[in-house]
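Enquirer: Take a look at the following structure, please.
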Amino acid sequence: MTEAAGLAPKRILVTGGTGLVGRAIEKVVADGEGRPDEEWIFVSSRDADLTNAAETKALFEQHKPTHVIHLAAMVGGLFKNIRYNLDFWRRNIHINDNVLHSAYETGVQKVVSCLSTCIFPDKTTYPINESMIHNGPPHSSNFGYSYAKRMIDIQNRGYFEQHGCRFTAVIPTNVFGPHDNFNIEDGHVLPGLIHKVYLAKHTGSALTVWGTGKPRRQFIYSLGWVPLRWEGWGTAATLQELSAPPQDLARLFLWVLREYEEVEPIILSVGEDDEVSIKEAAEAIAEAMDFRGELVFDTTKADGQFKKTASNAKLRHYLPGFQFTPFRQAVKETCAWFSANYANARK
């Protein structure tokens, strides 16, 4: 639909646009889910230092976005968080404040920021839901990152109450897929395991998994198979859910940007029954990469938070027929991508 047909053009700025989720959004937009009235702009740290207020404001003034998907963050796996909690707090607080305030100052109509289930209290009841974010301190292993991300929810509420801004956030569970950070030391658990299995297979050594393998996680694939269709912006009732197509995080981001009108965040996750242990995840990767060696658990390494089971009831209320890519299929596709792109993958 064009401007002449009644829709004003939209300029959508994606911060962190070259990361895991940004690349996934770029792909689904390029593969047919972009709209004629949308112009997508994907930026990275090479375009501006978002910890710097002046550079952030200049980026917004240069591109003049009407909408923003805010993905940029200092991120890392369990062990990097343990080592650098203060850095995670300071860098992410600066990035988030600069992005949201620049969005307000330049008249951005809507911002969708990306949070994480690690923001929820460590001591809690399960499943966790959107109302429980501020009910207690997060796990001590990543308190810097967690508190910085929580503050986005506070800022969103403040900008809405004081200025009427439509700033909201999504809370994905453990995201993985092509273009992830597969660094063994600093990456998240699943891409780190994929890299470990790749190396173990090529060297003929055992696969060593850090920790007991007992912690449980809900994993969500960054990509998917078949697109959703919308007839227009702001028309949630016209969403057509296709009969049997898995769609995952990138497409859910588009739905939130176009259709979700609440300031309160929304959890984007597979169901509670789809939670898997780290041991089961390692076994799925080994199967996908045809690794037949020994599996060893290094119990001298920390497990981190045992579980953070999230409810997707709110998502299901909006999209009751939404289907996710089966975990083993998503693992297989990610392993194939990593093997084919090993030389250039982030690792």
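Identifiers in this document derive from the order of the structure tokens: chains are assigned A, B, ..., residues are numbered from 1 separately in each chain, and ligands are numbered from 1 in order of occurrence.
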Among range 98-219 of chain A, which residues carry a DSSP assignment of helix (DSSP H, G or I), reported as a PyMOL selection string?

Expert: chain A and resi 98-105+117-119+130-132+140-163+189-203

Enquirer: Excluding range 307-321 of chain A and any residue of its chain fewer than 6 positions from it, enumerate the residues within 6 Å of it, using only C-alpha atoms, and give them as an MDAnalysis selection string.

Expert: chainID A and resid 127:129 215:216 269

Enquirer: Which residues of range 273-321 of chain A have any atom within 10 Å of an atom in range 334-346 of chain A when counting only C-alpha atoms, and what is the closest pair of atoms for each, with the distance in Å to one decimal? Order the rows by chain and rising number and write it as JSON lines.

Expert:
```
{"residue": "A:Ile285", "atom": "CA", "partner": "A:Cys335", "partner_atom": "CA", "distance": 7.3}
{"residue": "A:Ala286", "atom": "CA", "partner": "A:Cys335", "partner_atom": "CA", "distance": 9.6}
{"residue": "A:Ala288", "atom": "CA", "partner": "A:Cys335", "partner_atom": "CA", "distance": 6.8}
{"residue": "A:Met289", "atom": "CA", "partner": "A:Cys335", "partner_atom": "CA", "distance": 6.7}
```

Enquirer: Go ahead and write the residues just picked, N, CA and C atoms, as an mmCIF file, in the first residue's frame.

Expert:
```cif
data_model
loop_
_atom_site.group_PDB
_atom_site.id
_atom_site.type_symbol
_atom_site.label_atom_id
_atom_site.label_comp_id
_atom_site.auth_asym_id
_atom_site.auth_seq_id
_atom_site.Cartn_x
_atom_site.Cartn_y
_atom_site.Cartn_z
ATOM 1 N N ILE A 285 22.314 -30.754 19.286
ATOM 2 C CA ILE A 285 23.378 -30.218 18.436
ATOM 3 C C ILE A 285 24.278 -31.344 17.934
ATOM 4 N N ALA A 286 24.639 -32.263 18.843
ATOM 5 C CA ALA A 286 25.477 -33.398 18.450
ATOM 6 C C ALA A 286 24.809 -34.208 17.344
ATOM 7 N N ALA A 288 22.520 -33.063 15.193
ATOM 8 C CA ALA A 288 22.445 -32.253 13.977
ATOM 9 C C ALA A 288 23.777 -32.223 13.232
ATOM 10 N N MET A 289 24.893 -32.288 13.975
ATOM 11 C CA MET A 289 26.220 -32.202 13.362
ATOM 12 C C MET A 289 26.880 -33.570 13.226
#
```

Enquirer: Could you give me, as a Markdown table, a per-residue list for range 1-40 of chain A showing, wherever an atom lies at most 8 Å from an atom of range 51-74 of chain A, the closest pair of atoms and their distance in Å to one decimal, using only C-alpha atoms and sorting by chain then residue number from low to high?

Expert:
```
| residue | atom | partner | partner_atom | distance |
| --- | --- | --- | --- | --- |
| A:Lys10 | CA | A:Thr66 | CA | 5.7 |
| A:Arg11 | CA | A:Pro65 | CA | 4.7 |
| A:Ile12 | CA | A:His67 | CA | 4.7 |
| A:Leu13 | CA | A:Val68 | CA | 4.8 |
| A:Val14 | CA | A:Ile69 | CA | 4.8 |
| A:Thr15 | CA | A:His70 | CA | 5.1 |
| A:Gly16 | CA | A:Ala72 | CA | 3.9 |
| A:Gly17 | CA | A:Leu71 | CA | 7.2 |
| A:Val21 | CA | A:Leu71 | CA | 7.6 |
| A:Gly22 | CA | A:Leu71 | CA | 7.2 |
```

Enquirer: Got time to write the residues from that selection, C-alpha atoms, as a compact mmCIF listing (two decimals), in the first residue's frame?

Expert:
```
# COMPACT_ATOMS: atom_id res chain seq x y z
CA LYS A 10 7.45 4.97 7.57
CA ARG A 11 11.21 5.10 8.17
CA ILE A 12 12.16 2.26 10.51
CA LEU A 13 15.57 2.50 12.18
CA VAL A 14 16.97 -0.75 13.60
CA THR A 15 19.80 -0.29 16.10
CA GLY A 16 22.07 -3.30 16.50
CA GLY A 17 21.08 -4.06 12.93
CA VAL A 21 18.07 -10.44 15.60
CA GLY A 22 18.82 -7.47 13.34
```

Enquirer: Restricting the calculation to only C-alpha atoms, which member of A:Glu38, A:Asp122, A:Asp248, A:Asp49 is positioned closest to Val175 in chain A?

Expert: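 Comparing A:Glu38, A:Asp122, A:Asp248, A:Asp49 against Val175 in chain A, the winner is A:Asp248.
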
Enquirer: Could you list, as a VMD selection string, every residue within 9 Å of Asp274 in chain A, counting only C-alpha atoms and ignoring same-chain residues fewer than 4 positions away?

Expert: chain A and resid 217 to 219 270 326 to 327

Enquirer: Within 12 Å of Glu262 in chain A, counting only C-alpha atoms, which residues qualify if same-chain residues fewer than 2 places away don't, as a PyMOL selection string?

Expert: chain A and resi 110-112+130+153+156-157+160+165-170+234+256-260+264-266+314+318

Enquirer: For Lys301 in chain A, work out the shell of residues within 10 Å, counting only C-alpha atoms and skipping chain neighbours fewer than 5 positions away, then give it as an MDAnalysis selection string.

Expert: chainID A and resid 79 209:212

Enquirer: For the selection just defined, write its residues with N, CA, C and O atoms to a file, as a PDB file, in the first residue's frame.

Expert:
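In the end it all went to again.pdb:
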```
ATOM      1  N   PHE A  79      29.505 -16.375  31.565  1.00  0.00           N
ATOM      2  CA  PHE A  79      30.809 -16.117  32.154  1.00  0.00           C
ATOM      3  C   PHE A  79      31.298 -14.696  31.879  1.00  0.00           C
ATOM      4  O   PHE A  79      31.983 -14.091  32.705  1.00  0.00           O
ATOM      5  N   VAL A 209      30.821 -29.966  28.126  1.00  0.00           N
ATOM      6  CA  VAL A 209      29.760 -28.999  28.396  1.00  0.00           C
ATOM      7  C   VAL A 209      30.012 -28.410  29.778  1.00  0.00           C
ATOM      8  O   VAL A 209      30.183 -29.144  30.751  1.00  0.00           O
ATOM      9  N   TRP A 210      30.027 -27.079  29.883  1.00  0.00           N
ATOM     10  CA  TRP A 210      30.265 -26.431  31.167  1.00  0.00           C
ATOM     11  C   TRP A 210      29.021 -26.547  32.049  1.00  0.00           C
ATOM     12  O   TRP A 210      27.911 -26.234  31.632  1.00  0.00           O
ATOM     13  N   GLY A 211      29.221 -26.996  33.292  1.00  0.00           N
ATOM     14  CA  GLY A 211      28.123 -27.155  34.228  1.00  0.00           C
ATOM     15  C   GLY A 211      27.571 -28.567  34.221  1.00  0.00           C
ATOM     16  O   GLY A 211      28.121 -29.481  33.595  1.00  0.00           O
ATOM     17  N   THR A 212      26.463 -28.735  34.911  1.00  0.00           N
ATOM     18  CA  THR A 212      25.871 -30.066  35.067  1.00  0.00           C
ATOM     19  C   THR A 212      25.002 -30.490  33.892  1.00  0.00           C
ATOM     20  O   THR A 212      24.677 -31.675  33.757  1.00  0.00           O
TER      21      THR A 212
END
```

Enquirer: Can you work out the spacing between CA of Arg35 in chain A and CA of Ala8 in chain A in Å, to one decimal?

Expert: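 Going from CA of Arg35 in chain A over to CA of Ala8 in chain A, I get 11.7 Å.
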
Enquirer: As a PyMOL selection string, please: all residues of range 28-256 of chain A that backbone DSSP puts in strand (DSSP E or B).

Expert: chain A and resi 38-42+67-70+110-114+128+166-172+174-176+181+207-210+216-217+219-221+229+240+246

Enquirer: Of the candidates A:Lys80, A:Lys123, A:Lys149, A:Arg328, which shows the shortest atom-to-atom distance to Pro137 in chain A, using only C-alpha atoms?

Expert: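 Of the candidates, the smallest distance to Pro137 in chain A is held by A:Lys123.
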
Enquirer: Counting only C-alpha atoms, which of A:Val263, A:Val28, A:Ala282, A:Ile82 gets nearest to Leu193 in chain A?

Expert: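 With only C-alpha atoms as the atom set, the closest residue is A:Ala282.
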
Enquirer: Let me make sure I understand: among A:His134, A:Val43, A:Ala148, A:Gly34, which one has the smallest atom-to-atom distance to Arg90 in chain A if we use only C-alpha atoms?

Expert: A:Ala148

Enquirer: Using only C-alpha atoms, which of the listed residues (A:Ile41, A:Leu20, A:Ala250, A:Val331) sits closest to Val75 in chain A?

Expert: A:Leu20

Enquirer: Counting only C-alpha atoms, which of A:Thr18, A:Ser141, A:Asn135, A:Ser102 gets nearest to Asp47 in chain A?

Expert: A:Thr18

Enquirer: Which residues come within 10 Å of Ser116 in chain A, counting only C-alpha atoms, excluding same-chain residues fewer than 2 positions away, as a list in words?

Expert: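 Everything that qualifies: Cys114, Cys118, Ile119, Phe120, Tyr145, Ser146, Lys149, Arg150, Ala169, Val170, Ile171, Pro172, Thr173, Asn174, Val175, Ile267 and Leu268 of chain A.
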
Enquirer: Tell me which protein, DNA and RNA residues are within 12 Å of Thr203 in chain A, counting only C-alpha atoms, leaving out same-chain ones fewer than 5 positions away, and put them as JSON, numbers by chain.

Expert: {"A": [196, 197, 198, 291, 293]}

Enquirer: Which value, in Å to one decimal, gives the distance between CA of Tyr104 in chain A and CA of Gln162 in chain A?

Expert: 11.1 Å
